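Undergrad: The structure that follows is given in the form of structure tokens.
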Amino acid sequence: PFIQRQIEIIKPNIILLMGSIAAKAILNSNLDISKLRGKWHLYKSINLTKKIECLVTYHPKTLIQFPKEKKFSWEDLQILQKKILNEN
């Protein structure tokens, strides 16, 4: 509820969810992060009039422990950058 309220106050256009805990909590999903990352998802709240686009990527700690995953996070950041540039 605390994070949900923060999102409702800030009303961001985009949310970057870093890690499986954040992704599962915000998206209310049981899917593995490898299935969630790299795609846009919608965050919905009863107190918001519009849905917020969310992108999932690996947590920085995961990238330190498993450097091979960095290429996937880099792809995710490029997807995010493209979205941000298209909105401006």
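Each chain in the structure tokens gets a letter, A, B and so on, in the order shown; residues start at 1 in every chain, and ligands are counted from 1 in the order they appear.
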List the neighbours of Val56 of chain A out to 10 Å using only C-alpha atoms; skip same-chain residues closer than 3 positions along the sequence, and give me the result as a PyMOL selection string.
TA: chain A and resi 15-20+22-24+27+33-41+59+73+76-77+80
Undergrad: Tell me which protein, DNA and RNA residues are within 10 Å of Gln4 of chain A, counting only C-alpha atoms, leaving out same-chain ones fewer than 6 positions away, and put them as a VMD selection string.
TA: chain A and resid 25 to 26 43 to 45 47
Undergrad: Could you give me the residues within segment 4-88 of chain A that DSSP places in strand (DSSP E or B), as a ChimeraX atom specification?
TA: /A:14-18,40-43,52-57
Undergrad: Just give me the gap between atom CA of Gln6 of chain A and atom CA of Tyr58 of chain A in Å, one decimal is fine.
TA: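 A separation of 22.0 Å between them.
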Undergrad: Would you work out the distance separating atom CA of Lys70 of chain A from atom CA of Ile7 of chain A, expressed in Å to one decimal?
TA: 27.4 Å
Undergrad: Figure out the distance between atom CA of Leu63 of chain A and atom CA of Ile21 of chain A, please, to one decimal in Å.
TA: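 Computing the Euclidean distance for atom CA of Ile21 of chain A and atom CA of Leu63 of chain A yields 15.1 Å.
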Undergrad: Run DSSP on the backbone of this structure and report the residues of chain A it assigns to alpha helix (DSSP H), as a PyMOL selection string.
TA: chain A and resi 2-10+20-27+33-36+60-65+70-87
Undergrad: Tell me which of A:Lys71, A:Lys83, A:Ile10, A:Asp32 sits closest to Cys54 of chain A, counting only C-alpha atoms.
TA: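 For Cys54 of chain A, the nearest of the candidates is A:Lys83.
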